[in-house]
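Student: You'll find coords_10.txt just under this line, and it carries compact mmCIF, N, CA, C and O atoms.
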# COMPACT_ATOMS: atom_id res chain seq x y z
N MET A 27 8.09 7.93 10.40
CA MET A 27 7.13 7.94 9.32
C MET A 27 7.24 6.68 8.47
O MET A 27 6.24 6.13 8.04
N PHE A 28 8.45 6.21 8.22
CA PHE A 28 8.64 5.04 7.37
C PHE A 28 8.63 3.73 8.14
O PHE A 28 8.79 2.67 7.55
N ASP A 29 8.40 3.80 9.44
CA ASP A 29 8.44 2.58 10.24
C ASP A 29 7.10 1.87 10.35
O ASP A 29 7.02 0.78 10.90
N THR A 30 6.04 2.45 9.79
CA THR A 30 4.73 1.81 9.79
C THR A 30 4.23 1.65 8.36
O THR A 30 4.61 2.43 7.48
N PRO A 31 3.37 0.68 8.12
CA PRO A 31 2.81 0.53 6.77
C PRO A 31 2.05 1.76 6.30
O PRO A 31 2.16 2.17 5.15
N SER A 32 1.30 2.38 7.20
CA SER A 32 0.55 3.57 6.80
C SER A 32 1.50 4.74 6.51
O SER A 32 1.26 5.51 5.58
N GLY A 33 2.58 4.87 7.25
CA GLY A 33 3.55 5.93 7.00
C GLY A 33 4.24 5.76 5.67
O GLY A 33 4.42 6.73 4.92
N ARG A 34 4.63 4.53 5.36
CA ARG A 34 5.25 4.26 4.06
C ARG A 34 4.27 4.52 2.92
O ARG A 34 4.63 5.13 1.90
N PHE A 35 3.02 4.08 3.09
CA PHE A 35 2.02 4.30 2.06
C PHE A 35 1.80 5.79 1.84
O PHE A 35 1.75 6.25 0.70
N ARG A 36 1.66 6.55 2.91
CA ARG A 36 1.42 7.99 2.78
C ARG A 36 2.57 8.69 2.08
O ARG A 36 2.37 9.55 1.22
N ALA A 37 3.80 8.33 2.42
CA ALA A 37 4.97 8.95 1.79
C ALA A 37 5.02 8.66 0.30
O ALA A 37 5.27 9.56 -0.52
N VAL A 38 4.76 7.43 -0.08
CA VAL A 38 4.81 7.07 -1.49
C VAL A 38 3.62 7.67 -2.25
O VAL A 38 3.76 8.04 -3.41
N ALA A 39 2.47 7.81 -1.60
CA ALA A 39 1.32 8.45 -2.25
C ALA A 39 1.65 9.89 -2.62
O ALA A 39 1.34 10.36 -3.72
N VAL A 40 2.29 10.60 -1.71
CA VAL A 40 2.69 11.99 -1.98
C VAL A 40 3.79 12.03 -3.05
O VAL A 40 3.75 12.85 -3.97
N ALA A 41 4.75 11.12 -2.95
CA ALA A 41 5.82 11.07 -3.96
C ALA A 41 5.26 10.76 -5.34
O ALA A 41 5.73 11.31 -6.35
N GLU A 42 4.24 9.91 -5.42
CA GLU A 42 3.63 9.58 -6.70
C GLU A 42 2.97 10.82 -7.32
O GLU A 42 3.09 11.07 -8.51
N ALA A 43 2.32 11.61 -6.48
CA ALA A 43 1.70 12.85 -6.97
C ALA A 43 2.76 13.85 -7.44
O ALA A 43 2.59 14.51 -8.47
N ILE A 44 3.85 13.95 -6.70
CA ILE A 44 4.92 14.87 -7.09
C ILE A 44 5.56 14.41 -8.40
O ILE A 44 5.84 15.24 -9.28
N SER A 45 5.75 13.11 -8.55
CA SER A 45 6.33 12.62 -9.80
C SER A 45 5.37 12.84 -10.97
O SER A 45 5.81 13.09 -12.10
N TRP A 46 4.07 12.76 -10.71
CA TRP A 46 3.07 13.09 -11.75
C TRP A 46 3.23 14.54 -12.18
O TRP A 46 3.20 14.85 -13.37
N ALA A 47 3.38 15.43 -11.19
CA ALA A 47 3.54 16.85 -11.51
C ALA A 47 4.79 17.06 -12.36
O ALA A 47 4.76 17.80 -13.35
N GLY A 48 5.88 16.41 -11.99
CA GLY A 48 7.10 16.53 -12.77
C GLY A 48 6.92 16.02 -14.18
O GLY A 48 7.39 16.64 -15.15
N LEU A 49 6.23 14.90 -14.32
CA LEU A 49 5.99 14.35 -15.66
C LEU A 49 5.10 15.27 -16.48
O LEU A 49 5.34 15.47 -17.67
N LEU A 50 4.08 15.84 -15.86
CA LEU A 50 3.20 16.77 -16.59
C LEU A 50 3.97 18.01 -17.04
O LEU A 50 3.78 18.49 -18.16
N ILE A 51 4.84 18.51 -16.20
CA ILE A 51 5.67 19.66 -16.58
C ILE A 51 6.61 19.26 -17.71
O ILE A 51 6.79 20.01 -18.69
N GLY A 52 7.19 18.07 -17.60
CA GLY A 52 8.06 17.57 -18.68
C GLY A 52 7.32 17.43 -19.99
O GLY A 52 7.85 17.75 -21.06
N MET A 53 6.07 16.96 -19.92
CA MET A 53 5.25 16.82 -21.13
C MET A 53 4.92 18.19 -21.73
O MET A 53 4.89 18.35 -22.95
N PHE A 54 4.70 19.18 -20.87
CA PHE A 54 4.46 20.53 -21.37
C PHE A 54 5.67 21.01 -22.17
O PHE A 54 5.53 21.52 -23.28
N PHE A 55 6.84 20.85 -21.58
CA PHE A 55 8.05 21.29 -22.28
C PHE A 55 8.29 20.50 -23.56
O PHE A 55 8.76 21.05 -24.56
N LYS A 56 7.93 19.22 -23.56
CA LYS A 56 8.14 18.40 -24.75
C LYS A 56 7.21 18.84 -25.88
O LYS A 56 7.66 19.04 -27.01
N TYR A 57 5.94 18.99 -25.59
CA TYR A 57 4.97 19.24 -26.65
C TYR A 57 4.77 20.72 -26.98
O TYR A 57 4.34 21.04 -28.07
N VAL A 58 5.08 21.62 -26.05
CA VAL A 58 4.92 23.04 -26.31
C VAL A 58 6.25 23.71 -26.66
O VAL A 58 6.32 24.51 -27.59
N MET A 59 7.28 23.35 -25.93
CA MET A 59 8.57 24.00 -26.12
C MET A 59 9.52 23.19 -27.01
O MET A 59 10.53 23.71 -27.44
N GLY A 60 9.22 21.92 -27.22
CA GLY A 60 10.08 21.08 -28.06
C GLY A 60 11.30 20.52 -27.37
O GLY A 60 12.21 20.01 -28.01
N ASN A 61 11.35 20.57 -26.04
CA ASN A 61 12.49 20.07 -25.28
C ASN A 61 12.05 18.82 -24.52
O ASN A 61 11.17 18.89 -23.67
N GLU A 62 12.68 17.69 -24.80
CA GLU A 62 12.26 16.42 -24.21
C GLU A 62 12.97 16.05 -22.91
O GLU A 62 12.70 14.98 -22.36
N ILE A 63 13.84 16.88 -22.39
CA ILE A 63 14.63 16.51 -21.22
C ILE A 63 13.77 16.20 -20.01
O ILE A 63 14.05 15.28 -19.25
N GLY A 64 12.68 16.95 -19.81
CA GLY A 64 11.80 16.72 -18.66
C GLY A 64 11.16 15.34 -18.68
O GLY A 64 11.03 14.67 -17.65
N VAL A 65 10.76 14.90 -19.88
CA VAL A 65 10.14 13.58 -20.00
C VAL A 65 11.19 12.49 -19.79
O VAL A 65 10.91 11.46 -19.17
N HIS A 66 12.41 12.72 -20.27
CA HIS A 66 13.48 11.74 -20.08
C HIS A 66 13.86 11.59 -18.61
O HIS A 66 14.28 10.52 -18.19
N ILE A 67 13.71 12.66 -17.85
CA ILE A 67 14.03 12.60 -16.42
C ILE A 67 12.86 12.07 -15.62
O ILE A 67 12.98 11.12 -14.85
N PHE A 68 11.69 12.71 -15.78
CA PHE A 68 10.55 12.38 -14.93
C PHE A 68 9.78 11.14 -15.36
O PHE A 68 9.06 10.56 -14.56
N GLY A 69 9.92 10.70 -16.60
CA GLY A 69 9.25 9.49 -17.04
C GLY A 69 9.69 8.27 -16.23
O GLY A 69 8.86 7.59 -15.62
N PRO A 70 10.98 7.99 -16.19
CA PRO A 70 11.44 6.85 -15.40
C PRO A 70 11.21 7.02 -13.89
O PRO A 70 10.88 6.05 -13.20
N VAL A 71 11.37 8.25 -13.41
CA VAL A 71 11.13 8.51 -11.98
C VAL A 71 9.68 8.18 -11.64
O VAL A 71 9.40 7.48 -10.66
N HIS A 72 8.76 8.68 -12.45
CA HIS A 72 7.35 8.42 -12.20
C HIS A 72 7.05 6.92 -12.32
O HIS A 72 6.26 6.38 -11.53
N GLY A 73 7.67 6.25 -13.27
CA GLY A 73 7.46 4.82 -13.42
C GLY A 73 7.85 4.04 -12.17
O GLY A 73 7.09 3.17 -11.71
N VAL A 74 8.98 4.36 -11.61
CA VAL A 74 9.45 3.67 -10.39
C VAL A 74 8.54 3.98 -9.22
O VAL A 74 8.14 3.08 -8.46
N VAL A 75 8.18 5.25 -9.06
CA VAL A 75 7.32 5.63 -7.93
C VAL A 75 5.92 5.04 -8.10
O VAL A 75 5.29 4.61 -7.13
N PHE A 76 5.43 4.98 -9.33
CA PHE A 76 4.13 4.36 -9.61
C PHE A 76 4.13 2.90 -9.19
O PHE A 76 3.20 2.43 -8.52
N ILE A 77 5.16 2.17 -9.56
CA ILE A 77 5.25 0.76 -9.18
C ILE A 77 5.35 0.60 -7.67
O ILE A 77 4.71 -0.27 -7.08
N ALA A 78 6.11 1.48 -7.02
CA ALA A 78 6.20 1.44 -5.56
C ALA A 78 4.84 1.70 -4.92
O ALA A 78 4.47 1.04 -3.94
N TYR A 79 4.07 2.63 -5.49
CA TYR A 79 2.73 2.92 -4.96
C TYR A 79 1.82 1.70 -5.09
O TYR A 79 1.11 1.35 -4.14
N VAL A 80 1.85 1.05 -6.23
CA VAL A 80 1.00 -0.14 -6.43
C VAL A 80 1.41 -1.25 -5.45
O VAL A 80 0.55 -1.86 -4.80
N VAL A 81 2.71 -1.49 -5.31
CA VAL A 81 3.19 -2.53 -4.39
C VAL A 81 2.80 -2.19 -2.96
O VAL A 81 2.30 -3.04 -2.21
N LEU A 82 3.00 -0.94 -2.55
CA LEU A 82 2.66 -0.56 -1.18
C LEU A 82 1.16 -0.57 -0.95
O LEU A 82 0.70 -0.81 0.18
N SER A 83 0.37 -0.31 -1.98
CA SER A 83 -1.08 -0.43 -1.84
C SER A 83 -1.46 -1.88 -1.52
O SER A 83 -2.30 -2.14 -0.67
N LEU A 84 -0.82 -2.82 -2.22
CA LEU A 84 -1.12 -4.23 -1.98
C LEU A 84 -0.60 -4.69 -0.61
O LEU A 84 -1.25 -5.49 0.07
N LEU A 85 0.54 -4.16 -0.19
CA LEU A 85 1.04 -4.49 1.15
C LEU A 85 0.18 -3.86 2.24
O LEU A 85 -0.04 -4.45 3.30
N ALA A 86 -0.32 -2.65 1.98
CA ALA A 86 -1.19 -1.98 2.95
C ALA A 86 -2.50 -2.74 3.12
O ALA A 86 -3.09 -2.75 4.20
N ARG A 87 -2.96 -3.36 2.05
CA ARG A 87 -4.19 -4.17 2.14
C ARG A 87 -4.08 -5.19 3.27
O ARG A 87 -4.99 -5.33 4.08
N ARG A 88 -2.96 -5.88 3.30
CA ARG A 88 -2.77 -6.90 4.33
C ARG A 88 -2.51 -6.28 5.70
O ARG A 88 -3.13 -6.65 6.69
N ALA A 89 -1.61 -5.31 5.75
CA ALA A 89 -1.21 -4.73 7.03
C ALA A 89 -2.32 -3.92 7.69
O ALA A 89 -2.42 -3.90 8.92
N LEU A 90 -3.15 -3.27 6.88
CA LEU A 90 -4.19 -2.40 7.43
C LEU A 90 -5.59 -3.00 7.30
O LEU A 90 -6.58 -2.32 7.57
N ASN A 91 -5.66 -4.26 6.87
CA ASN A 91 -6.94 -4.97 6.74
C ASN A 91 -7.94 -4.25 5.84
O ASN A 91 -9.11 -4.12 6.18
N TRP A 92 -7.47 -3.80 4.70
CA TRP A 92 -8.37 -3.15 3.74
C TRP A 92 -9.24 -4.20 3.08
O TRP A 92 -8.80 -5.31 2.78
N ASP A 93 -10.48 -3.82 2.79
CA ASP A 93 -11.36 -4.70 2.03
C ASP A 93 -11.08 -4.52 0.53
O ASP A 93 -10.25 -3.71 0.13
N ASN A 94 -11.79 -5.29 -0.28
CA ASN A 94 -11.57 -5.23 -1.74
C ASN A 94 -11.87 -3.85 -2.30
O ASN A 94 -11.16 -3.38 -3.19
N ARG A 95 -12.91 -3.20 -1.80
CA ARG A 95 -13.29 -1.87 -2.30
C ARG A 95 -12.19 -0.84 -2.04
O ARG A 95 -11.81 -0.09 -2.93
N THR A 96 -11.68 -0.82 -0.83
CA THR A 96 -10.63 0.14 -0.48
C THR A 96 -9.37 -0.12 -1.30
O THR A 96 -8.75 0.81 -1.81
N THR A 97 -9.02 -1.39 -1.46
CA THR A 97 -7.84 -1.74 -2.26
C THR A 97 -8.03 -1.32 -3.71
O THR A 97 -7.12 -0.75 -4.32
N ALA A 98 -9.20 -1.58 -4.25
CA ALA A 98 -9.48 -1.19 -5.64
C ALA A 98 -9.41 0.33 -5.79
O ALA A 98 -8.85 0.83 -6.78
N LEU A 99 -9.94 1.07 -4.83
CA LEU A 99 -9.88 2.53 -4.90
C LEU A 99 -8.43 3.02 -4.85
O LEU A 99 -8.07 3.96 -5.55
N ALA A 100 -7.62 2.39 -4.01
CA ALA A 100 -6.20 2.76 -3.93
C ALA A 100 -5.50 2.55 -5.26
O ALA A 100 -4.73 3.39 -5.72
N LEU A 101 -5.78 1.41 -5.89
CA LEU A 101 -5.14 1.09 -7.17
C LEU A 101 -5.65 2.00 -8.28
O LEU A 101 -4.88 2.48 -9.11
N ILE A 102 -6.95 2.26 -8.31
CA ILE A 102 -7.53 3.15 -9.32
C ILE A 102 -6.99 4.57 -9.14
O ILE A 102 -6.77 5.29 -10.12
N ALA A 103 -6.76 4.98 -7.90
CA ALA A 103 -6.26 6.33 -7.62
C ALA A 103 -4.87 6.57 -8.19
O ALA A 103 -4.45 7.72 -8.33
N SER A 104 -4.17 5.50 -8.54
CA SER A 104 -2.83 5.68 -9.10
C SER A 104 -2.87 6.13 -10.55
O SER A 104 -1.85 6.58 -11.08
N ILE A 105 -4.01 6.05 -11.19
CA ILE A 105 -4.10 6.34 -12.62
C ILE A 105 -4.21 7.84 -12.92
O ILE A 105 -3.39 8.36 -13.67
N PRO A 106 -5.19 8.56 -12.37
CA PRO A 106 -5.26 9.99 -12.70
C PRO A 106 -4.20 10.78 -11.93
O PRO A 106 -3.79 10.39 -10.83
N PRO A 107 -3.75 11.88 -12.52
CA PRO A 107 -2.78 12.72 -11.80
C PRO A 107 -3.32 13.15 -10.44
O PRO A 107 -4.48 13.57 -10.33
N PHE A 108 -2.52 13.02 -9.42
CA PHE A 108 -2.80 13.44 -8.05
C PHE A 108 -3.88 12.61 -7.36
O PHE A 108 -4.30 12.93 -6.26
N GLY A 109 -4.33 11.55 -8.00
CA GLY A 109 -5.33 10.67 -7.40
C GLY A 109 -4.83 9.99 -6.15
O GLY A 109 -5.60 9.72 -5.23
N SER A 110 -3.54 9.70 -6.10
CA SER A 110 -2.99 9.03 -4.92
C SER A 110 -3.11 9.89 -3.67
O SER A 110 -3.39 9.38 -2.58
N VAL A 111 -2.95 11.21 -3.82
CA VAL A 111 -3.08 12.10 -2.67
C VAL A 111 -4.55 12.22 -2.25
O VAL A 111 -4.87 12.25 -1.06
N VAL A 112 -5.45 12.27 -3.23
CA VAL A 112 -6.88 12.31 -2.92
C VAL A 112 -7.27 11.07 -2.15
O VAL A 112 -7.96 11.14 -1.12
N PHE A 113 -6.80 9.90 -2.61
CA PHE A 113 -7.11 8.66 -1.89
C PHE A 113 -6.48 8.67 -0.50
O PHE A 113 -7.12 8.28 0.47
N GLU A 114 -5.24 9.10 -0.39
CA GLU A 114 -4.56 9.11 0.91
C GLU A 114 -5.30 9.99 1.90
O GLU A 114 -5.49 9.61 3.05
N ARG A 115 -5.76 11.16 1.47
CA ARG A 115 -6.51 12.05 2.37
C ARG A 115 -7.83 11.40 2.79
O ARG A 115 -8.22 11.46 3.95
N TRP A 116 -8.52 10.78 1.84
CA TRP A 116 -9.78 10.11 2.15
C TRP A 116 -9.55 8.94 3.11
O TRP A 116 -10.29 8.77 4.09
N ALA A 117 -8.52 8.14 2.84
CA ALA A 117 -8.23 6.98 3.69
C ALA A 117 -7.86 7.42 5.11
O ALA A 117 -8.27 6.79 6.09
N ALA A 118 -7.11 8.51 5.23
CA ALA A 118 -6.75 9.01 6.56
C ALA A 118 -7.98 9.53 7.29
O ALA A 118 -8.17 9.26 8.48
N ARG A 119 -8.82 10.25 6.58
CA ARG A 119 -10.02 10.84 7.18
C ARG A 119 -11.01 9.76 7.64
O ARG A 119 -11.69 9.92 8.65
N THR A 120 -11.10 8.66 6.91
CA THR A 120 -12.05 7.60 7.24
C THR A 120 -11.46 6.50 8.12
O THR A 120 -12.12 5.49 8.37
N GLY A 121 -10.23 6.67 8.57
CA GLY A 121 -9.61 5.72 9.48
C GLY A 121 -8.99 4.50 8.82
O GLY A 121 -8.59 3.56 9.51
N ARG A 122 -8.89 4.51 7.52
CA ARG A 122 -8.33 3.35 6.82
C ARG A 122 -6.81 3.31 6.87
O ARG A 122 -6.21 2.30 6.48
N LEU A 123 -6.18 4.36 7.34
CA LEU A 123 -4.73 4.36 7.50
C LEU A 123 -4.32 4.24 8.96
O LEU A 123 -3.14 4.35 9.30
N ALA A 124 -5.29 4.01 9.83
CA ALA A 124 -4.99 3.86 11.24
C ALA A 124 -4.36 2.50 11.48
O ALA A 124 -4.79 1.49 10.92
N GLN A 125 -3.33 2.48 12.28
CA GLN A 125 -2.67 1.22 12.63
C GLN A 125 -3.59 0.43 13.53
O GLN A 125 -4.19 0.95 14.45
N ARG A 126 -3.68 -0.84 13.27
CA ARG A 126 -4.46 -1.75 14.11
C ARG A 126 -3.59 -2.18 15.28
O ARG A 126 -2.41 -2.47 15.14
N ALA A 127 -4.20 -2.24 16.47
CA ALA A 127 -3.48 -2.71 17.64
C ALA A 127 -3.27 -4.21 17.52
O ALA A 127 -4.18 -4.95 17.17
N VAL A 128 -2.08 -4.64 17.82
CA VAL A 128 -1.74 -6.05 17.73
C VAL A 128 -1.43 -6.54 19.14
O VAL A 128 -0.58 -5.98 19.83
N ALA A 129 -2.12 -7.58 19.55
CA ALA A 129 -1.88 -8.15 20.88
C ALA A 129 -0.60 -8.97 20.83
O ALA A 129 -0.41 -9.79 19.93
N ILE A 130 0.25 -8.75 21.79
CA ILE A 130 1.51 -9.50 21.87
C ILE A 130 1.34 -10.55 22.97
O ILE A 130 1.09 -10.23 24.12
N SER A 131 1.45 -11.80 22.57
CA SER A 131 1.32 -12.86 23.55
C SER A 131 2.70 -13.24 24.08
O SER A 131 3.66 -13.35 23.33
N ALA A 132 2.75 -13.42 25.37
CA ALA A 132 4.04 -13.74 25.98
C ALA A 132 4.28 -15.21 26.09
O ALA A 132 3.52 -16.04 26.13
Translate the structure described by the file into structure tokens.
Tutor:
Amino acid sequence: MFDTPSGRFRAVAVAEAISWAGLLIGMFFKYVMGNEIGVHIFGPVHGVVFIAYVVLSLLARRALNWDNRTTALALIASIPPFGSVVFERWAARTGRLAQRAVAISA
């Protein structure tokens, strides 16, 4: 799964959504229950995974030959909660995560 650009992108897209969920739960506990531990844990985790998603989106652009529109959608999808998974499902369904065949010259 991690040996291809599309596999790495898909894994980080799901991880970004999971970290969003953790951050949202942490925010619930902070603002409703008065306990900030969830935000202290999931805030930095989400930050790291968010940056990884943005970097892998830019790397996927080159490796998977994404056009400007697809790249922009990938980057915009990182903003709303769970947008990365919505984009990943759409990209997989439309063939944008398919590996391109590379001719090996001898």
Student: Give as a PyMOL selection string every residue, naming chains and numbers as the document does, that has an atom within 12 Å of (9.3, 7.0, -14.3), counting only C-alpha atoms.
Tutor: chain A and resi 41-42+44-50+52+64-78
Student: What lies within 8 Å of range 109-117 of chain A using only N, CA, C and O atoms, ignoring chain neighbours under 3 positions off, as a list of chain:residue names?
Tutor: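 What passes the distance filter is A:Phe35, A:Arg36, A:Val38, A:Ala39, A:Val40, A:Ala41, A:Glu42, A:Ala43, A:Ile44, A:Thr96, A:Leu99, A:Ala100, A:Leu101, A:Ile102, A:Ala103, A:Ser104, A:Ile105, A:Pro106, A:Thr120, A:Gly121, A:Arg122, A:Leu123, A:Ala124.
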Student: Could you please determine the separation between atom C of Ser83 in chain A and atom O of Thr97 in chain A in Å, to one decimal place?
Tutor: 6.4 Å
Student: Can you work out the spacing between atom C of Tyr79 in chain A and atom N of Met53 in chain A in Å, to one decimal?
Tutor: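 Atom-to-atom, atom C of Tyr79 in chain A to atom N of Met53 in chain A, that is 21.7 Å.
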Student: To one decimal place, how far is CA of Arg119 in chain A from atom C of Phe28 in chain A in Å?
Tutor: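 That distance, rounded to one decimal, is 20.0 Å.
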Student: Between A:Ile51, A:Val81, A:Ala89, A:Ile63, which is the closest to Ser32 in chain A once you count all atoms listed in the file?
Tutor: A:Ala89
Student: If you take every atom of range 92-105 of chain A that the file lists and fit an axis-aligned box around them with 8 Å extra on each side, what centre and edge lengths come out in Å to one decimal, as lines of an AutoDock Vina configuration file?
Tutor:
center_x = -7.6
center_y = 1.5
center_z = -4.5
size_x = 27.4
size_y = 29.7
size_z = 34.4
Student: Can you tell me, as a ChimeraX atom specification, which residues in chain A count as alpha helix (DSSP H) by DSSP?
Tutor: /A:31-54,63-89,94-102,109-119
